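Undergrad: Starting off with a structure, shown below.
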Amino acid sequence: MASDSSQAIEIRKLGTDGIELIREIDRSEHIDTLYTVKESGLLAESVDFDVPPWDSEGHGDHSSARRITEFRPIVDGGATLLGAFVDDVLAGIAIVDQSFEDGIAWFAFLHVSRGFRRRGVASALWVAGVEVAASAGANAVYVSATPSGSAVGFYTSRGCKLAEEPHPALFAKEPEDIHLICPLP
Ligand SMILES: CC(C)(COP(=O)(O)OP(=O)(O)OC[C@H]1O[C@@H](n2cnc3c(N)ncnc32)[C@H](O)[C@@H]1OP(=O)(O)O)[C@@H](O)C(=O)NCCC(=O)NCCS
C-alpha cells in the first residue's frame, strides 16, 4: 500500500495480457453521494454504503474474472491499456478505445486502488489516455461513468459534461450511469 502522496506516478502502456492486472485492483469504496440525471442536470443524493472488493475467486457479476472477460475483447480489439505504477506497485488501470467512433474515443475503464486514491493517479491516467485519443484523431472522449460522487466528481473535474445525446449502445448497457462527453482542446 502506498504511504507517501509525493511518490512519482509512472504510466505504462501495457500489452493485452496486462488485463489480468485487474485482479490486483482494490475497487472497494465508501459511497456517500449518488448522481442521477434530471431535466435540470445532475442531481446529487446523499447515500451511505460500502462497495466491497471484487470477488477474487468466483466468476459472478462482482468478480474480477467477470471484469477481465468483459474488457479483454475491447483490449484485444485494439483499445489501449494503461497502468499507473507507484514504486513499481500497480495503483490504477485505464482502458481507452481511441477508435471507438469517428472523432470520439471511449474511456472504457478507470479504476484506482483504494490505497492510492486522491493523489493524482486517475488524473495521470486521464492525461495519458487523452494523449492516445488525440493522437488517433479524436476530438472528444465519451465516458459512461458510475453514478458515484468519486467517479462523477473526477470526470467533471476533467471538464466532462453531460452528453446531450447518450451513446445508444453504451446507454442501453448502463442506463443508470452518467453519460458524459469531454471535448478535447
Ligand atoms: C474515480 C477515481 C478513478 C478517482 O481516482 P483518483 O486517483 O482518486 O483521482 P485524482 O486523485 O486524480 O483526483 C482528481 C480530481 O478528481 C476529483 N475527485 C477525485 N475523487 C473524488 C471524490 N471522491 N469525490 C469528489 N471528487 C473527486 C477531485 O476534483 C480531484 O482533485 P482534488 O483531489 O485536487 O480535489 C477513483 O476514486 C476510483 O477508482 N473509484 C472507484 C472506481 C470508479 O468509480 N471508477 C470510475 C468508473 S467510471
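Simple scheme: letters A, B, ... for chains in C-alpha cells order, numbers from 1 for residues in each chain, numbers from 1 for ligands in the order shown.
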Return as a VMD selection string every polymer residue, whether protein, DNA or RNA, with at least one atom no more than 9 Å from an atom of ligand 1; count only C-alpha atoms and all ligand atoms.
TA: chain A and resid 25 to 29 31 to 33 91 to 94 107 to 114 116 to 126 143 to 158 177 to 178
Undergrad: Restricted to N, CA and C atoms, what would the selected residues look like written as a short mmCIF file (atom, residue, chain, number, x, y, z; two decimals), in the first residue's frame?
TA:
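Final file, selection_18.cif:
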data_model
loop_
_atom_site.label_atom_id
_atom_site.label_comp_id
_atom_site.auth_asym_id
_atom_site.auth_seq_id
_atom_site.Cartn_x
_atom_site.Cartn_y
_atom_site.Cartn_z
N ILE A 25 -6.42 -4.82 -8.48
CA ILE A 25 -7.05 -3.54 -8.10
C ILE A 25 -8.01 -3.75 -6.92
N ASP A 26 -7.89 -2.91 -5.92
CA ASP A 26 -8.86 -2.90 -4.82
C ASP A 26 -9.90 -1.84 -5.14
N ARG A 27 -11.06 -2.29 -5.65
CA ARG A 27 -12.07 -1.31 -6.08
C ARG A 27 -12.95 -0.85 -4.91
N SER A 28 -12.72 -1.36 -3.70
CA SER A 28 -13.65 -1.08 -2.60
C SER A 28 -13.73 0.42 -2.32
N GLU A 29 -14.90 0.84 -1.86
CA GLU A 29 -15.13 2.27 -1.71
C GLU A 29 -16.33 2.51 -0.80
N ILE A 31 -19.39 4.86 -0.45
CA ILE A 31 -20.10 5.80 -1.32
C ILE A 31 -20.99 6.69 -0.45
N ASP A 32 -20.81 8.00 -0.58
CA ASP A 32 -21.68 8.91 0.18
C ASP A 32 -22.54 9.79 -0.73
N THR A 33 -22.31 9.71 -2.04
CA THR A 33 -23.11 10.52 -2.98
C THR A 33 -23.40 9.70 -4.23
N ALA A 91 -1.13 0.92 -9.18
CA ALA A 91 -2.03 1.82 -8.44
C ALA A 91 -3.36 2.00 -9.17
N GLY A 92 -3.35 1.86 -10.50
CA GLY A 92 -4.59 2.07 -11.25
C GLY A 92 -4.47 1.56 -12.68
N ILE A 93 -5.63 1.37 -13.30
CA ILE A 93 -5.69 0.88 -14.68
C ILE A 93 -6.73 1.69 -15.45
N ALA A 94 -6.42 2.00 -16.69
CA ALA A 94 -7.40 2.65 -17.57
C ALA A 94 -7.37 1.95 -18.93
N PHE A 107 -13.50 6.30 -23.04
CA PHE A 107 -12.74 5.94 -21.84
C PHE A 107 -13.51 4.80 -21.18
N ALA A 108 -13.11 3.58 -21.48
CA ALA A 108 -13.94 2.42 -21.19
C ALA A 108 -13.80 1.92 -19.76
N PHE A 109 -12.68 2.23 -19.10
CA PHE A 109 -12.42 1.63 -17.78
C PHE A 109 -11.44 2.54 -17.04
N LEU A 110 -11.72 2.77 -15.79
CA LEU A 110 -10.79 3.55 -14.95
C LEU A 110 -10.99 3.13 -13.50
N HIS A 111 -9.97 2.55 -12.93
CA HIS A 111 -10.03 2.18 -11.52
C HIS A 111 -8.69 2.47 -10.87
N VAL A 112 -8.77 3.13 -9.73
CA VAL A 112 -7.58 3.36 -8.92
C VAL A 112 -7.78 2.59 -7.61
N SER A 113 -6.77 1.85 -7.19
CA SER A 113 -6.89 1.07 -5.95
C SER A 113 -7.09 2.00 -4.76
N ARG A 114 -7.90 1.52 -3.83
CA ARG A 114 -8.32 2.34 -2.70
C ARG A 114 -7.15 3.07 -2.01
N PHE A 116 -4.51 4.23 -3.06
CA PHE A 116 -3.77 5.20 -3.88
C PHE A 116 -4.63 6.38 -4.32
N ARG A 117 -5.85 6.45 -3.82
CA ARG A 117 -6.76 7.50 -4.33
C ARG A 117 -6.41 8.88 -3.77
N ARG A 118 -6.88 9.87 -4.52
CA ARG A 118 -6.76 11.28 -4.13
C ARG A 118 -5.31 11.75 -4.11
N ARG A 119 -4.49 11.17 -4.98
CA ARG A 119 -3.12 11.66 -5.12
C ARG A 119 -2.73 11.81 -6.59
N GLY A 120 -3.73 11.92 -7.47
CA GLY A 120 -3.44 12.26 -8.85
C GLY A 120 -3.24 11.08 -9.79
N VAL A 121 -3.51 9.84 -9.31
CA VAL A 121 -3.29 8.67 -10.17
C VAL A 121 -4.26 8.66 -11.35
N ALA A 122 -5.56 8.86 -11.08
CA ALA A 122 -6.54 8.88 -12.18
C ALA A 122 -6.24 10.05 -13.11
N SER A 123 -5.82 11.17 -12.55
CA SER A 123 -5.50 12.34 -13.40
C SER A 123 -4.37 12.00 -14.36
N ALA A 124 -3.36 11.28 -13.86
CA ALA A 124 -2.22 10.91 -14.72
C ALA A 124 -2.68 9.93 -15.80
N LEU A 125 -3.57 9.00 -15.44
CA LEU A 125 -4.09 8.05 -16.44
C LEU A 125 -4.95 8.80 -17.48
N TRP A 126 -5.70 9.79 -17.01
CA TRP A 126 -6.54 10.58 -17.91
C TRP A 126 -5.67 11.32 -18.93
N VAL A 143 -17.57 9.04 -21.84
CA VAL A 143 -17.46 8.24 -20.61
C VAL A 143 -18.85 7.85 -20.13
N SER A 144 -19.04 6.57 -19.87
CA SER A 144 -20.24 6.09 -19.18
C SER A 144 -19.80 5.88 -17.74
N ALA A 145 -20.08 6.88 -16.88
CA ALA A 145 -19.48 6.90 -15.54
C ALA A 145 -20.41 6.30 -14.50
N THR A 146 -19.85 5.49 -13.62
CA THR A 146 -20.56 5.06 -12.43
C THR A 146 -21.15 6.30 -11.75
N PRO A 147 -22.40 6.22 -11.26
CA PRO A 147 -23.02 7.46 -10.73
C PRO A 147 -22.51 7.90 -9.36
N SER A 148 -21.40 7.36 -8.90
CA SER A 148 -20.88 7.71 -7.56
C SER A 148 -20.26 9.10 -7.54
N GLY A 149 -20.20 9.68 -6.34
CA GLY A 149 -19.60 11.00 -6.17
C GLY A 149 -18.17 11.05 -6.66
N SER A 150 -17.41 9.97 -6.44
CA SER A 150 -16.00 9.99 -6.82
C SER A 150 -15.84 9.98 -8.34
N ALA A 151 -16.59 9.09 -9.01
CA ALA A 151 -16.44 8.98 -10.47
C ALA A 151 -16.93 10.26 -11.15
N VAL A 152 -18.12 10.71 -10.77
CA VAL A 152 -18.66 11.92 -11.41
C VAL A 152 -17.81 13.13 -11.03
N GLY A 153 -17.38 13.18 -9.77
CA GLY A 153 -16.51 14.28 -9.33
C GLY A 153 -15.22 14.30 -10.12
N PHE A 154 -14.66 13.10 -10.37
CA PHE A 154 -13.41 13.05 -11.13
C PHE A 154 -13.62 13.55 -12.56
N TYR A 155 -14.59 12.97 -13.26
CA TYR A 155 -14.73 13.29 -14.69
C TYR A 155 -15.15 14.75 -14.89
N THR A 156 -16.02 15.26 -14.02
CA THR A 156 -16.40 16.67 -14.19
C THR A 156 -15.20 17.57 -13.89
N SER A 157 -14.32 17.12 -12.99
CA SER A 157 -13.12 17.93 -12.71
C SER A 157 -12.18 17.94 -13.92
N ARG A 158 -12.34 16.96 -14.82
CA ARG A 158 -11.51 16.93 -16.05
C ARG A 158 -12.18 17.71 -17.18
N ASP A 177 -25.84 4.76 -15.44
CA ASP A 177 -24.59 5.52 -15.46
C ASP A 177 -24.85 6.98 -15.83
N ILE A 178 -23.85 7.81 -15.57
CA ILE A 178 -23.90 9.20 -16.00
C ILE A 178 -23.08 9.28 -17.29
#
Undergrad: Determine, counting only C-alpha atoms, which protein, DNA and RNA residues have an atom within 9 Å of an atom of A:Ile95; residues of the same chain fewer than 6 positions away are not included. Present the result as a PyMOL selection string.
TA: chain A and resi 71+74-75+79-83+106-110+129
Undergrad: So which residues of chain A fall under strand (DSSP E or B) by DSSP, listed as number ranges by chain?
TA: A: 9-14, 29-38, 41-51, 55, 63, 80-86, 89-101, 104-112, 140-145, 148, 161-162, 178-183
Undergrad: Based on the backbone DSSP call, show me all residues of stretch 39-127 of chain A assigned alpha helix (DSSP H), as a PyMOL selection string.
TA: chain A and resi 64-76+121-127
Undergrad: Using only C-alpha atoms, which of the listed residues (A:Lys38, A:Lys161, A:Lys173, A:His30) sits closest to A:Tyr142?
TA: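 Using only C-alpha atoms, the shortest distance to A:Tyr142 belongs to A:Lys161.
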Undergrad: For a quick check of understanding, using only C-alpha atoms, which of A:Glu164, A:Asp97, A:Asp87, A:Asp55 has the smallest distance to A:Glu39?
TA: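 Closest to A:Glu39, using only C-alpha atoms: A:Glu164.
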Undergrad: Record the distance separating atom CA of A:Val141 and atom CA of A:Phe171, expressed in Å with one decimal.
TA: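 Atom CA of A:Val141 sits 15.2 Å away from atom CA of A:Phe171.
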Undergrad: Which one is closest to A:Arg72: A:Val96, A:Ile19, A:Val86, A:Val47? Count only C-alpha atoms.
TA: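 With only C-alpha atoms as the atom set, the closest residue is A:Ile19.
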Undergrad: For A:Ser135, which of A:Gly103, A:Ser46, A:Leu180, A:Leu34 is the closest residue, counting only C-alpha atoms?
TA: A:Gly103
